[in-house]
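Colleague: Okay, here's the structure, questions in a sec.
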Amino acid sequence: MPHFLLAFAALSLPAWADDTRSAEVRAIWVTRFEYRTDGDVRTILRNCAALGFNTVLFQVRGQADAYYRSSIEPWADRLGGRDPGWDPLAVACEEARRLGLSLHAWMNVMPAWRGKAAPPMRDHIVYKRPDWIVVDRQGRRQTFNDHYVCLNPCLPEVREYLAAVAAEIAARYPIDGLHLDYIRFIEGDWSYDKATMAIFHRRHGAWPSKAPALWDAFRREAVTATVEAIRTAVKSARPDAQVTAAVYPTAAARARVLQDAEVWARRGLIDWVAPMTYDADDADYREAIEEGFARLRGVPCFPGVGAYKHGGGEQTSRQIRMARVGGGFAVFSYSSLFVSPDESRREDERACRSRREAVARLLGGER
């Protein structure tokens with residue numbers, strides 16, 4: 001028997017798993033790139049239900065923009081930057097209810113914009129509050145690039161703003177949960193703006209260069225405070241809604257981006273966590289999910305399955321079986337099972353079909 005299968009057979013259930021196995025969370029991430037029309041959303045939800053998933057993490061905020069009717073942030077540029085005449089989140093909630101699916105609105109928390117060109121919407125946050133963007137060690141504000149420009153969670157007004165965004169979603173839509181992504185610092189060493197350093201100096205009587213350990217702890221605590229503010233806002237607006245999070249796959253990786261998910265779990269700030277344990281090697285995948293079960297104690301841990309890294313469906317099926325011993329899993333993503341309409345995300349149809357058929361066999365769904 002291959003090494004990874006022996007290891008898989010030896011996996012033991014986390015202490016909380018007995019309570020969750022009877023209601024296994026079978027989640028799938030659906031990115032904002034997969035839909036343009038209300039018909040697209042309905043088809044996506046039907047496909048997810050047909051395959052045997054019961055939870056859809058449906059992206060509605062990617063870069064401080066909205067795929068729902070918001071009084072805080074502008075309509076997404078992908079939808080024309082104005083009201084498209086339909087509401088993606090409202091349609092998703094309606095279709096999920098009809099199909100018996102749990103619908104979690106998925107928001108990228110810290111990202112403010114992606115790409116080298118500035119937002120075309122002049123009411124976007126990067127124009128209204130450029131001082132909220134993170135700053136590097138040399139005092140330079142992060143510039144537009146091929147990845148995300150991000151907000152600075154060390155500023156209390158940023159945390160209040162993000163909590164208001166979350167509260168609006170929870171208050172206006174009958175969501176089952178709010179799913180947090182990019183709830184961390186962006187890779188690199190940020191934020192050395194004057195306002196943040198002044199807060200740090202008032203609290204600790206030192207500057208970052210003289211107290212690097214305190215500086216890291218201060219920034220980690222700012223991310224945790226953001227999670228707490230969002231949870232409070234969501235629970236006030238919709239007490240039964242869950243607050244869940246996608247996090248880096250290992251403790252070492254989380255430390256690099258100041259994402260203290262272990263503390264979130266211990267303090268009850270999240271209802272379940274999905275480590276992004278995406279790996280093409282089954283043995284490495286098994287080690288990553290075992291670490292998640294061991295370290296993220298006190299909260300259900302539903303490992304991510306990176307189907308896009310798998311050449312065929314059998315590996316996707318194997319990794320789901322490994323992950324589900326803890327009571328649930330989350331597949332990334334819909335576009336790895338169904339060919340995406342977005343060219344930048346489009347995968348080979350044969351690979352998508354192979355994964356799709358394997359998932360359907362495993363979950364008892366339609367092929």
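As shown in the structure tokens, the chain order sets the letters A, B, ...; within each chain, residues go from 1, and ligands are also counted from 1 in the order they appear.
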Check the DSSP output for the backbone and give back, as a list in words, the residues of stretch 264-336 of chain A in strand (DSSP E or B).
Modeller: Trp272, Val273, Ala274, Pro275, Cys301, Gly304, Val305, Gly306, Gly328, Phe329, Ala330, Val331 and Phe332 of chain A
Colleague: Can you tell me which residues surround A:Leu79 at a distance of at most 10 Å, considering only C-alpha atoms, apart from same-chain residues fewer than 6 positions away, and format the answer as a PyMOL selection string?
Modeller: chain A and resi 35-37+66-67+85+88
Colleague: If we count only C-alpha atoms, what is near A:Arg159 at a cut-off of 12 Å, once residues fewer than 2 positions away on the same chain are taken out, given as a ChimeraX atom specification?
Modeller: /A:109-110,132,151-157,161-166,183,221-233
Colleague: Write out as number ranges by chain the residues lying within 12 Å of A:His147, counting only C-alpha atoms and excluding same-chain residues fewer than 5 positions away.
Modeller: A: 62-63, 111-117, 142, 186-187
Colleague: Between A:Ile72, A:Ile133, A:Val273, A:Ile175, single out the one closest to A:Leu101, counting only C-alpha atoms.
Modeller: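 Closest residue, counting only C-alpha atoms: A:Ile175.
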Colleague: What are the DSSP alpha helix (DSSP H) residues of stretch 210-276 of chain A, as an mmCIF file with N, CA and C atoms, in the first residue's frame?
Modeller:
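Result file states31.cif:
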```cif
data_model
loop_
_atom_site.group_PDB
_atom_site.id
_atom_site.type_symbol
_atom_site.label_atom_id
_atom_site.label_comp_id
_atom_site.auth_asym_id
_atom_site.auth_seq_id
_atom_site.Cartn_x
_atom_site.Cartn_y
_atom_site.Cartn_z
ATOM 1 N N PRO A 212 10.833 44.663 17.532
ATOM 2 C CA PRO A 212 10.244 43.904 16.420
ATOM 3 C C PRO A 212 9.236 42.841 16.848
ATOM 4 N N ALA A 213 9.472 42.179 17.984
ATOM 5 C CA ALA A 213 8.523 41.152 18.427
ATOM 6 C C ALA A 213 7.197 41.791 18.829
ATOM 7 N N LEU A 214 7.263 42.910 19.543
ATOM 8 C CA LEU A 214 6.042 43.623 19.916
ATOM 9 C C LEU A 214 5.317 44.146 18.686
ATOM 10 N N TRP A 215 6.076 44.588 17.699
ATOM 11 C CA TRP A 215 5.505 45.111 16.450
ATOM 12 C C TRP A 215 4.727 44.022 15.725
ATOM 13 N N ASP A 216 5.310 42.839 15.640
ATOM 14 C CA ASP A 216 4.597 41.730 14.995
ATOM 15 C C ASP A 216 3.341 41.373 15.780
ATOM 16 N N ALA A 217 3.452 41.328 17.099
ATOM 17 C CA ALA A 217 2.293 40.997 17.930
ATOM 18 C C ALA A 217 1.196 42.045 17.767
ATOM 19 N N PHE A 218 1.584 43.301 17.695
ATOM 20 C CA PHE A 218 0.637 44.397 17.509
ATOM 21 C C PHE A 218 -0.135 44.230 16.200
ATOM 22 N N ARG A 219 0.577 43.880 15.130
ATOM 23 C CA ARG A 219 -0.096 43.727 13.833
ATOM 24 C C ARG A 219 -0.958 42.463 13.800
ATOM 25 N N ARG A 220 -0.489 41.376 14.425
ATOM 26 C CA ARG A 220 -1.328 40.177 14.516
ATOM 27 C C ARG A 220 -2.622 40.483 15.259
ATOM 28 N N GLU A 221 -2.492 41.210 16.346
ATOM 29 C CA GLU A 221 -3.676 41.556 17.136
ATOM 30 C C GLU A 221 -4.644 42.432 16.347
ATOM 31 N N ALA A 222 -4.114 43.262 15.438
ATOM 32 C CA ALA A 222 -4.981 44.105 14.613
ATOM 33 C C ALA A 222 -5.827 43.257 13.664
ATOM 34 N N VAL A 223 -5.223 42.204 13.110
ATOM 35 C CA VAL A 223 -5.994 41.303 12.244
ATOM 36 C C VAL A 223 -7.053 40.582 13.065
ATOM 37 N N THR A 224 -6.673 40.100 14.245
ATOM 38 C CA THR A 224 -7.636 39.428 15.114
ATOM 39 C C THR A 224 -8.764 40.373 15.508
ATOM 40 N N ALA A 225 -8.423 41.635 15.794
ATOM 41 C CA ALA A 225 -9.452 42.621 16.141
ATOM 42 C C ALA A 225 -10.419 42.843 14.981
ATOM 43 N N THR A 226 -9.920 42.728 13.753
ATOM 44 C CA THR A 226 -10.792 42.847 12.583
ATOM 45 C C THR A 226 -11.777 41.688 12.530
ATOM 46 N N VAL A 227 -11.285 40.477 12.771
ATOM 47 C CA VAL A 227 -12.171 39.305 12.816
ATOM 48 C C VAL A 227 -13.241 39.496 13.883
ATOM 49 N N GLU A 228 -12.826 39.958 15.044
ATOM 50 C CA GLU A 228 -13.770 40.144 16.147
ATOM 51 C C GLU A 228 -14.819 41.206 15.816
ATOM 52 N N ALA A 229 -14.392 42.301 15.202
ATOM 53 C CA ALA A 229 -15.331 43.367 14.835
ATOM 54 C C ALA A 229 -16.342 42.873 13.808
ATOM 55 N N ILE A 230 -15.868 42.104 12.843
ATOM 56 C CA ILE A 230 -16.768 41.561 11.822
ATOM 57 C C ILE A 230 -17.744 40.574 12.457
ATOM 58 N N ARG A 231 -17.246 39.694 13.321
ATOM 59 C CA ARG A 231 -18.140 38.725 13.963
ATOM 60 C C ARG A 231 -19.226 39.444 14.766
ATOM 61 N N THR A 232 -18.838 40.437 15.541
ATOM 62 C CA THR A 232 -19.816 41.176 16.341
ATOM 63 C C THR A 232 -20.873 41.812 15.449
ATOM 64 N N ALA A 233 -20.433 42.387 14.335
ATOM 65 C CA ALA A 233 -21.363 43.046 13.418
ATOM 66 C C ALA A 233 -22.323 42.044 12.787
ATOM 67 N N VAL A 234 -21.800 40.908 12.351
ATOM 68 C CA VAL A 234 -22.639 39.894 11.707
ATOM 69 C C VAL A 234 -23.644 39.318 12.697
ATOM 70 N N LYS A 235 -23.177 38.960 13.898
ATOM 71 C CA LYS A 235 -24.062 38.353 14.883
ATOM 72 C C LYS A 235 -25.135 39.326 15.366
ATOM 73 N N SER A 236 -24.819 40.622 15.370
ATOM 74 C CA SER A 236 -25.824 41.620 15.747
ATOM 75 C C SER A 236 -26.914 41.717 14.689
ATOM 76 N N ALA A 237 -26.507 41.611 13.436
ATOM 77 C CA ALA A 237 -27.471 41.741 12.342
ATOM 78 C C ALA A 237 -28.224 40.448 12.069
ATOM 79 N N ALA A 251 0.811 26.630 10.341
ATOM 80 C CA ALA A 251 1.117 27.671 11.320
ATOM 81 C C ALA A 251 2.269 28.549 10.862
ATOM 82 N N ALA A 252 3.281 27.945 10.226
ATOM 83 C CA ALA A 252 4.425 28.726 9.741
ATOM 84 C C ALA A 252 3.996 29.711 8.663
ATOM 85 N N ALA A 253 3.145 29.258 7.758
ATOM 86 C CA ALA A 253 2.663 30.148 6.697
ATOM 87 C C ALA A 253 1.796 31.259 7.267
ATOM 88 N N ARG A 254 0.951 30.934 8.239
ATOM 89 C CA ARG A 254 0.097 31.955 8.851
ATOM 90 C C ARG A 254 0.925 33.007 9.583
ATOM 91 N N ALA A 255 2.009 32.573 10.218
ATOM 92 C CA ALA A 255 2.855 33.516 10.946
ATOM 93 C C ALA A 255 3.450 34.555 10.011
ATOM 94 N N ARG A 256 3.751 34.155 8.779
ATOM 95 C CA ARG A 256 4.370 35.090 7.833
ATOM 96 C C ARG A 256 3.433 36.223 7.446
ATOM 97 N N ALA A 261 -4.871 32.374 13.366
ATOM 98 C CA ALA A 261 -6.120 31.617 13.355
ATOM 99 C C ALA A 261 -6.272 30.734 14.589
ATOM 100 N N GLU A 262 -5.153 30.321 15.181
ATOM 101 C CA GLU A 262 -5.235 29.520 16.408
ATOM 102 C C GLU A 262 -5.932 30.309 17.519
ATOM 103 N N VAL A 263 -5.623 31.582 17.630
ATOM 104 C CA VAL A 263 -6.275 32.432 18.627
ATOM 105 C C VAL A 263 -7.747 32.632 18.275
ATOM 106 N N TRP A 264 -8.044 32.822 17.006
ATOM 107 C CA TRP A 264 -9.457 32.981 16.613
ATOM 108 C C TRP A 264 -10.256 31.761 17.047
ATOM 109 N N ALA A 265 -9.661 30.578 16.840
ATOM 110 C CA ALA A 265 -10.352 29.341 17.210
ATOM 111 C C ALA A 265 -10.559 29.258 18.712
ATOM 112 N N ARG A 266 -9.513 29.530 19.481
ATOM 113 C CA ARG A 266 -9.611 29.425 20.943
ATOM 114 C C ARG A 266 -10.602 30.428 21.521
#
```
Colleague: Quick one, how far is atom CA of A:Thr244 from atom CA of A:Ala330?
Modeller: 11.8 Å
Colleague: Would you kindly return, as an MDAnalysis selection string, each protein, DNA or RNA residue with an atom no farther than 12 Å from any atom of A:Arg350, considering only C-alpha atoms and excluding same-chain residues fewer than 5 positions away?
Modeller: chainID A and resid 311:313 336:339 355:357
Colleague: One decimal, Å: what's the distance from atom CA of A:Thr196 over to atom CA of A:Val134, could you say?
Modeller: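 Taking atom CA of A:Thr196 as the start and atom CA of A:Val134 as the end point, the length is 9.6 Å.
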Colleague: From the set A:Ala323, A:Glu95, A:Ala246, A:Gly80, which residue has the shortest atom-to-atom contact distance to A:Ile44, counting only C-alpha atoms?
Modeller: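 Selected residue with least distance to A:Ile44: A:Glu95.
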Colleague: Atom CA of A:Met107 to atom CA of A:Gly292: how many Å, to one decimal?
Modeller: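 Result for atom CA of A:Met107 versus atom CA of A:Gly292: 22.3 Å, one decimal.
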Colleague: As a list in words, please: the residues near A:Met276 (cut-off 8 Å, only C-alpha atoms, same-chain neighbours under 4 positions excluded).
Modeller: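 Counting only C-alpha atoms, the residues come to Ala246, Val247, Tyr248, Pro249, Pro303, Gly304, Val305 and Gly306 of chain A.
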Colleague: Could you turn the residues from that selection into a file that holds N, CA and C atoms, as a CSV table (one decimal), in the first residue's frame?
Modeller:
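Dumped everything to selection_37.csv:
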```
chain,number,residue,atom,x,y,z
A,246,ALA,N,-11.2,31.3,5.5
A,246,ALA,CA,-10.2,30.6,4.8
A,246,ALA,C,-8.8,31.1,5.3
A,247,VAL,N,-7.9,30.2,5.7
A,247,VAL,CA,-6.7,30.6,6.3
A,247,VAL,C,-5.5,29.9,5.6
A,248,TYR,N,-4.3,30.4,5.8
A,248,TYR,CA,-3.1,29.8,5.2
A,248,TYR,C,-3.0,28.3,5.8
A,249,PRO,N,-2.4,27.4,5.1
A,249,PRO,CA,-2.5,26.0,5.4
A,249,PRO,C,-1.7,25.5,6.7
A,303,PRO,N,-10.7,21.1,5.8
A,303,PRO,CA,-9.6,21.4,4.9
A,303,PRO,C,-10.0,21.7,3.5
A,304,GLY,N,-9.3,22.6,2.9
A,304,GLY,CA,-9.5,22.9,1.5
A,304,GLY,C,-8.9,21.8,0.6
A,305,VAL,N,-9.6,21.6,-0.5
A,305,VAL,CA,-9.1,20.6,-1.5
A,305,VAL,C,-8.8,21.3,-2.8
A,306,GLY,N,-7.6,21.5,-3.2
A,306,GLY,CA,-7.2,22.2,-4.4
A,306,GLY,C,-7.3,21.4,-5.6
```
Colleague: Please provide as a PyMOL selection string all residues within 12 Å of A:Tyr68, with the sequence filter that same-chain residues fewer than 3 positions apart are discarded (counting only C-alpha atoms).
Modeller: chain A and resi 32+38+58-62+64-65+71-76+79+81-93+105-107+165+168-170+172-173
Colleague: So, with only C-alpha atoms as the atoms that count, which of A:His201, A:Arg122, A:Arg26, A:His310 lies closest to A:Gly327?
Modeller: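 Ranking A:His201, A:Arg122, A:Arg26, A:His310 by distance to A:Gly327, first place goes to A:Arg26.
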